Amino acid sequence: RGLPQALRAFRRRHPGVRISLTEMNSAEQMAELLHDRLDLGFVHTHRMPQGLQQRLLLTEPFVCCLPARHALARRRVVSLADLREQPFILFARSASPDYHERILSICGDAGFQPEVRHEVRHWLAVVSLVSQDMGVALVPEALKRSALKGAVFRPLQEAVAQSEAYGVWRSTPRNLLAERLLEEMPRALPPGH
């Protein structure tokens with residue numbers, strides 16, 4: 001969310017800079033940063049290894065992702081209690097321990113442990129499995145834009161922990177271009193995020 005707009009603005013200001021995007025989970029990005037094979041990462045964890053710096057870019061609510069034909073998909077708002085007996089699709093602990101724990105904690109605070117049927121390494125894989133009627137999931141609101149046929153998104157009735165996205169870079173040596181791209185992010189994000 002906001003990254004394409006920030007990249008366009010950055011390219012206008014720095015036309016000679018080559019930008020190459022690679023999809024990786026949070027753990028992979030931090031490892032690549034530490035090995036100096038990546039200049040800037042966008043992760044979903046506040047836990048940083050020594051040698052990396054971070055800046056909070058975005059907070060957004062979690063929403064319930066449901067198969068389009070699911071009985072709960074007809075509701076405008078879903079209560080966590082309604083998900084108690086549902087099979088869950090979860091972001092794998094190995095790919096993002098923070099997100100994995102956050103989802104378990106959200107369910108635990110609602111009084112149940114989710115029945116985890118599938119664990120995957122990418123958010124779009126979560127939504128894809130939900131669209132194939134393989135379970136339900138709690139996902140960051142930005143995934144509503146994924147537009148995968150067969151998946152619907154409903155707000156949660158309860159206030160729960162927010163999803164967070166951070167910009168992450170090496171502490172040294174200083175990377176002015178990475179810092180400038182991060183400066184573009186707040187201007188590119190929708191108001192209130």
# chains A, B, ... in the order shown; residues from 1 in each chain; ligands from 1

$ select_by_dssp --residues "segment 86-169 of chain A" --states "strand (DSSP E or B)" --output "JSON list (two decimals) with C-alpha atoms, in the first residue's frame"
[["chain", "number", "residue", "atom", "x", "y", "z"],
["A", 87, "PRO", "CA", -10.39, -24.20, 9.82],
["A", 88, "PHE", "CA", -7.71, -21.48, 9.60],
["A", 89, "ILE", "CA", -5.08, -20.68, 7.03],
["A", 90, "LEU", "CA", -2.17, -19.00, 8.72],
["A", 91, "PHE", "CA", 1.02, -17.24, 7.78],
["A", 115, "GLU", "CA", -7.64, -25.01, 14.14],
["A", 116, "VAL", "CA", -4.75, -24.37, 11.76],
["A", 117, "ARG", "CA", -5.17, -26.46, 8.60],
["A", 118, "HIS", "CA", -2.61, -24.79, 6.35],
["A", 119, "GLU", "CA", 0.46, -22.59, 6.86],
["A", 120, "VAL", "CA", 1.93, -20.69, 3.91],
["A", 136, "VAL", "CA", -10.68, -18.76, 6.74],
["A", 137, "ALA", "CA", -7.98, -16.26, 7.69],
["A", 138, "LEU", "CA", -7.25, -13.00, 9.44],
["A", 139, "VAL", "CA", -5.27, -10.77, 7.09],
["A", 140, "PRO", "CA", -4.13, -7.13, 6.87],
["A", 151, "ALA", "CA", -12.45, -14.50, -1.47],
["A", 152, "VAL", "CA", -14.35, -11.82, 0.45],
["A", 153, "PHE", "CA", -13.19, -9.59, 3.29],
["A", 154, "ARG", "CA", -15.22, -8.52, 6.29],
["A", 155, "PRO", "CA", -14.27, -6.19, 9.13],
["A", 156, "LEU", "CA", -14.01, -7.67, 12.60],
["A", 163, "SER", "CA", -1.06, -5.02, 11.33],
["A", 164, "GLU", "CA", 2.17, -3.01, 11.06],
["A", 165, "ALA", "CA", 4.58, -2.46, 8.16],
["A", 166, "TYR", "CA", 8.11, -1.15, 8.65],
["A", 167, "GLY", "CA", 10.80, 0.12, 6.32],
["A", 168, "VAL", "CA", 14.11, -1.53, 7.25],
["A", 169, "TRP", "CA", 17.68, -0.76, 6.22]]

$ residues_around --residues "Leu182 of chain A" --least-positions-apart "5" --cutoff "9 Å" --atoms "only C-alpha atoms" --output "PDB file with all heavy atoms, in the first residue's frame"
ATOM      1  N   ALA A   6       5.008   5.738  -4.192  1.00  0.00           N
ATOM      2  CA  ALA A   6       6.296   6.223  -3.677  1.00  0.00           C
ATOM      3  C   ALA A   6       7.404   5.941  -4.682  1.00  0.00           C
ATOM      4  O   ALA A   6       8.289   6.785  -4.892  1.00  0.00           O
ATOM      5  CB  ALA A   6       6.604   5.573  -2.332  1.00  0.00           C
ATOM      6  N   LEU A  40      16.903  -2.018   0.970  1.00  0.00           N
ATOM      7  CA  LEU A  40      15.743  -1.589   1.740  1.00  0.00           C
ATOM      8  C   LEU A  40      14.715  -2.705   1.744  1.00  0.00           C
ATOM      9  O   LEU A  40      14.469  -3.326   0.715  1.00  0.00           O
ATOM     10  CB  LEU A  40      15.147  -0.322   1.096  1.00  0.00           C
ATOM     11  CG  LEU A  40      13.928   0.306   1.730  1.00  0.00           C
ATOM     12  CD1 LEU A  40      14.220   0.774   3.149  1.00  0.00           C
ATOM     13  CD2 LEU A  40      13.442   1.469   0.880  1.00  0.00           C
ATOM     14  N   ARG A  55      11.647   1.970  10.440  1.00  0.00           N
ATOM     15  CA  ARG A  55      10.718   3.094  10.559  1.00  0.00           C
ATOM     16  C   ARG A  55       9.312   2.552  10.321  1.00  0.00           C
ATOM     17  O   ARG A  55       9.057   1.905   9.298  1.00  0.00           O
ATOM     18  CB  ARG A  55      11.040   4.167   9.526  1.00  0.00           C
ATOM     19  CG  ARG A  55      10.053   5.341   9.603  1.00  0.00           C
ATOM     20  CD  ARG A  55      10.315   6.377   8.540  1.00  0.00           C
ATOM     21  NE  ARG A  55      11.648   6.921   8.689  1.00  0.00           N
ATOM     22  CZ  ARG A  55      12.257   7.619   7.739  1.00  0.00           C
ATOM     23  NH1 ARG A  55      11.674   7.862   6.591  1.00  0.00           N
ATOM     24  NH2 ARG A  55      13.466   8.096   7.923  1.00  0.00           N
ATOM     25  N   LEU A  57       5.855   2.497   8.983  1.00  0.00           N
ATOM     26  CA  LEU A  57       5.262   3.156   7.817  1.00  0.00           C
ATOM     27  C   LEU A  57       3.749   3.112   7.818  1.00  0.00           C
ATOM     28  O   LEU A  57       3.098   4.021   7.314  1.00  0.00           O
ATOM     29  CB  LEU A  57       5.770   2.494   6.532  1.00  0.00           C
ATOM     30  CG  LEU A  57       7.268   2.541   6.292  1.00  0.00           C
ATOM     31  CD1 LEU A  57       7.629   1.716   5.066  1.00  0.00           C
ATOM     32  CD2 LEU A  57       7.737   3.981   6.136  1.00  0.00           C
ATOM     33  N   GLY A 167       9.677   0.033   7.243  1.00  0.00           N
ATOM     34  CA  GLY A 167      10.798   0.123   6.323  1.00  0.00           C
ATOM     35  C   GLY A 167      12.046  -0.221   7.115  1.00  0.00           C
ATOM     36  O   GLY A 167      12.212   0.248   8.248  1.00  0.00           O
ATOM     37  N   LEU A 177      19.872   7.015  -0.639  1.00  0.00           N
ATOM     38  CA  LEU A 177      18.773   6.717  -1.558  1.00  0.00           C
ATOM     39  C   LEU A 177      17.664   5.935  -0.867  1.00  0.00           C
ATOM     40  O   LEU A 177      16.483   6.199  -1.087  1.00  0.00           O
ATOM     41  CB  LEU A 177      19.294   5.982  -2.784  1.00  0.00           C
ATOM     42  CG  LEU A 177      20.160   6.827  -3.712  1.00  0.00           C
ATOM     43  CD1 LEU A 177      20.794   5.961  -4.791  1.00  0.00           C
ATOM     44  CD2 LEU A 177      19.351   7.960  -4.332  1.00  0.00           C
TER      45      LEU A 177
END

$ residues_around --residues "Thr22 of chain A" --least-positions-apart "4" --cutoff "10 Å" --atoms "only C-alpha atoms" --output "list in words"
Gln29, Leu38 and Gly41 of chain A

$ closest_residue --among "A:Phe42, A:Met134, A:Leu72, A:Gln157" --to "Gln54 of chain A" --atoms "only C-alpha atoms"
A:Phe42

$ atom_distance --atom1 "atom CA of Ala142 of chain A" --atom2 "atom CA of His70 of chain A"
21.1 Å

$ closest_residue --among "A:Glu28, A:Leu33, A:Ala68, A:Arg121" --to "Leu52 of chain A" --atoms "only C-alpha atoms"
A:Leu33

$ select_by_dssp --residues "segment 39-175 of chain A" --states "helix (DSSP H, G or I)" --output "PyMOL selection string"
chain A and resi 71-74+80-83+97-109+123-131+141-146

$ decode --residues "segment 101-128 of chain A" --atoms "N, CA and C atoms" --output "PDB file, in the first residue's frame"
ATOM      1  N   GLU A 101       2.273 -15.278  15.561  1.00  0.00           N
ATOM      2  CA  GLU A 101       1.912 -15.104  16.975  1.00  0.00           C
ATOM      3  C   GLU A 101       0.781 -14.108  17.158  1.00  0.00           C
ATOM      4  N   ARG A 102       0.764 -13.058  16.347  1.00  0.00           N
ATOM      5  CA  ARG A 102      -0.294 -12.054  16.484  1.00  0.00           C
ATOM      6  C   ARG A 102      -1.666 -12.659  16.190  1.00  0.00           C
ATOM      7  N   ILE A 103      -1.766 -13.491  15.150  1.00  0.00           N
ATOM      8  CA  ILE A 103      -3.043 -14.127  14.814  1.00  0.00           C
ATOM      9  C   ILE A 103      -3.455 -15.083  15.931  1.00  0.00           C
ATOM     10  N   LEU A 104      -2.505 -15.893  16.416  1.00  0.00           N
ATOM     11  CA  LEU A 104      -2.817 -16.798  17.529  1.00  0.00           C
ATOM     12  C   LEU A 104      -3.259 -16.018  18.756  1.00  0.00           C
ATOM     13  N   SER A 105      -2.616 -14.889  19.014  1.00  0.00           N
ATOM     14  CA  SER A 105      -2.968 -14.059  20.171  1.00  0.00           C
ATOM     15  C   SER A 105      -4.355 -13.438  20.020  1.00  0.00           C
ATOM     16  N   ILE A 106      -4.675 -12.973  18.827  1.00  0.00           N
ATOM     17  CA  ILE A 106      -6.004 -12.401  18.573  1.00  0.00           C
ATOM     18  C   ILE A 106      -7.080 -13.449  18.862  1.00  0.00           C
ATOM     19  N   CYS A 107      -6.871 -14.661  18.351  1.00  0.00           N
ATOM     20  CA  CYS A 107      -7.839 -15.735  18.603  1.00  0.00           C
ATOM     21  C   CYS A 107      -7.856 -16.107  20.085  1.00  0.00           C
ATOM     22  N   GLY A 108      -6.679 -16.206  20.700  1.00  0.00           N
ATOM     23  CA  GLY A 108      -6.605 -16.534  22.125  1.00  0.00           C
ATOM     24  C   GLY A 108      -7.342 -15.517  22.972  1.00  0.00           C
ATOM     25  N   ASP A 109      -7.213 -14.231  22.652  1.00  0.00           N
ATOM     26  CA  ASP A 109      -7.931 -13.179  23.390  1.00  0.00           C
ATOM     27  C   ASP A 109      -9.438 -13.319  23.226  1.00  0.00           C
ATOM     28  N   ALA A 110      -9.874 -13.934  22.119  1.00  0.00           N
ATOM     29  CA  ALA A 110     -11.308 -14.168  21.874  1.00  0.00           C
ATOM     30  C   ALA A 110     -11.768 -15.481  22.503  1.00  0.00           C
ATOM     31  N   GLY A 111     -10.837 -16.197  23.151  1.00  0.00           N
ATOM     32  CA  GLY A 111     -11.223 -17.397  23.890  1.00  0.00           C
ATOM     33  C   GLY A 111     -11.080 -18.716  23.160  1.00  0.00           C
ATOM     34  N   PHE A 112     -10.310 -18.750  22.068  1.00  0.00           N
ATOM     35  CA  PHE A 112     -10.133 -20.029  21.381  1.00  0.00           C
ATOM     36  C   PHE A 112      -8.770 -20.100  20.707  1.00  0.00           C
ATOM     37  N   GLN A 113      -8.328 -21.311  20.460  1.00  0.00           N
ATOM     38  CA  GLN A 113      -7.137 -21.578  19.663  1.00  0.00           C
ATOM     39  C   GLN A 113      -7.616 -21.986  18.279  1.00  0.00           C
ATOM     40  N   PRO A 114      -7.156 -21.317  17.236  1.00  0.00           N
ATOM     41  CA  PRO A 114      -7.643 -21.670  15.901  1.00  0.00           C
ATOM     42  C   PRO A 114      -7.175 -23.055  15.476  1.00  0.00           C
ATOM     43  N   GLU A 115      -8.010 -23.734  14.728  1.00  0.00           N
ATOM     44  CA  GLU A 115      -7.640 -25.014  14.138  1.00  0.00           C
ATOM     45  C   GLU A 115      -6.890 -24.704  12.838  1.00  0.00           C
ATOM     46  N   VAL A 116      -5.572 -24.750  12.904  1.00  0.00           N
ATOM     47  CA  VAL A 116      -4.747 -24.370  11.757  1.00  0.00           C
ATOM     48  C   VAL A 116      -4.645 -25.559  10.807  1.00  0.00           C
ATOM     49  N   ARG A 117      -5.204 -25.402   9.616  1.00  0.00           N
ATOM     50  CA  ARG A 117      -5.170 -26.455   8.602  1.00  0.00           C
ATOM     51  C   ARG A 117      -3.998 -26.303   7.649  1.00  0.00           C
ATOM     52  N   HIS A 118      -3.665 -25.043   7.323  1.00  0.00           N
ATOM     53  CA  HIS A 118      -2.608 -24.786   6.346  1.00  0.00           C
ATOM     54  C   HIS A 118      -1.769 -23.599   6.808  1.00  0.00           C
ATOM     55  N   GLU A 119      -0.454 -23.706   6.616  1.00  0.00           N
ATOM     56  CA  GLU A 119       0.459 -22.592   6.861  1.00  0.00           C
ATOM     57  C   GLU A 119       1.223 -22.327   5.573  1.00  0.00           C
ATOM     58  N   VAL A 120       1.264 -21.060   5.159  1.00  0.00           N
ATOM     59  CA  VAL A 120       1.931 -20.691   3.907  1.00  0.00           C
ATOM     60  C   VAL A 120       2.883 -19.531   4.160  1.00  0.00           C
ATOM     61  N   ARG A 121       3.699 -19.219   3.167  1.00  0.00           N
ATOM     62  CA  ARG A 121       4.777 -18.245   3.339  1.00  0.00           C
ATOM     63  C   ARG A 121       4.493 -16.867   2.750  1.00  0.00           C
ATOM     64  N   HIS A 122       3.366 -16.687   2.067  1.00  0.00           N
ATOM     65  CA  HIS A 122       3.065 -15.391   1.463  1.00  0.00           C
ATOM     66  C   HIS A 122       1.594 -15.066   1.671  1.00  0.00           C
ATOM     67  N   TRP A 123       1.310 -13.771   1.844  1.00  0.00           N
ATOM     68  CA  TRP A 123      -0.072 -13.355   2.088  1.00  0.00           C
ATOM     69  C   TRP A 123      -0.991 -13.705   0.925  1.00  0.00           C
ATOM     70  N   LEU A 124      -0.528 -13.554  -0.296  1.00  0.00           N
ATOM     71  CA  LEU A 124      -1.407 -13.894  -1.422  1.00  0.00           C
ATOM     72  C   LEU A 124      -1.728 -15.381  -1.453  1.00  0.00           C
ATOM     73  N   ALA A 125      -0.824 -16.209  -0.949  1.00  0.00           N
ATOM     74  CA  ALA A 125      -1.114 -17.646  -0.850  1.00  0.00           C
ATOM     75  C   ALA A 125      -2.223 -17.886   0.182  1.00  0.00           C
ATOM     76  N   VAL A 126      -2.220 -17.108   1.258  1.00  0.00           N
ATOM     77  CA  VAL A 126      -3.294 -17.218   2.259  1.00  0.00           C
ATOM     78  C   VAL A 126      -4.635 -16.934   1.582  1.00  0.00           C
ATOM     79  N   VAL A 127      -4.721 -15.797   0.891  1.00  0.00           N
ATOM     80  CA  VAL A 127      -5.973 -15.398   0.243  1.00  0.00           C
ATOM     81  C   VAL A 127      -6.353 -16.401  -0.841  1.00  0.00           C
ATOM     82  N   SER A 128      -5.381 -16.906  -1.574  1.00  0.00           N
ATOM     83  CA  SER A 128      -5.661 -17.890  -2.619  1.00  0.00           C
ATOM     84  C   SER A 128      -6.284 -19.160  -2.043  1.00  0.00           C
TER      85      SER A 128
END
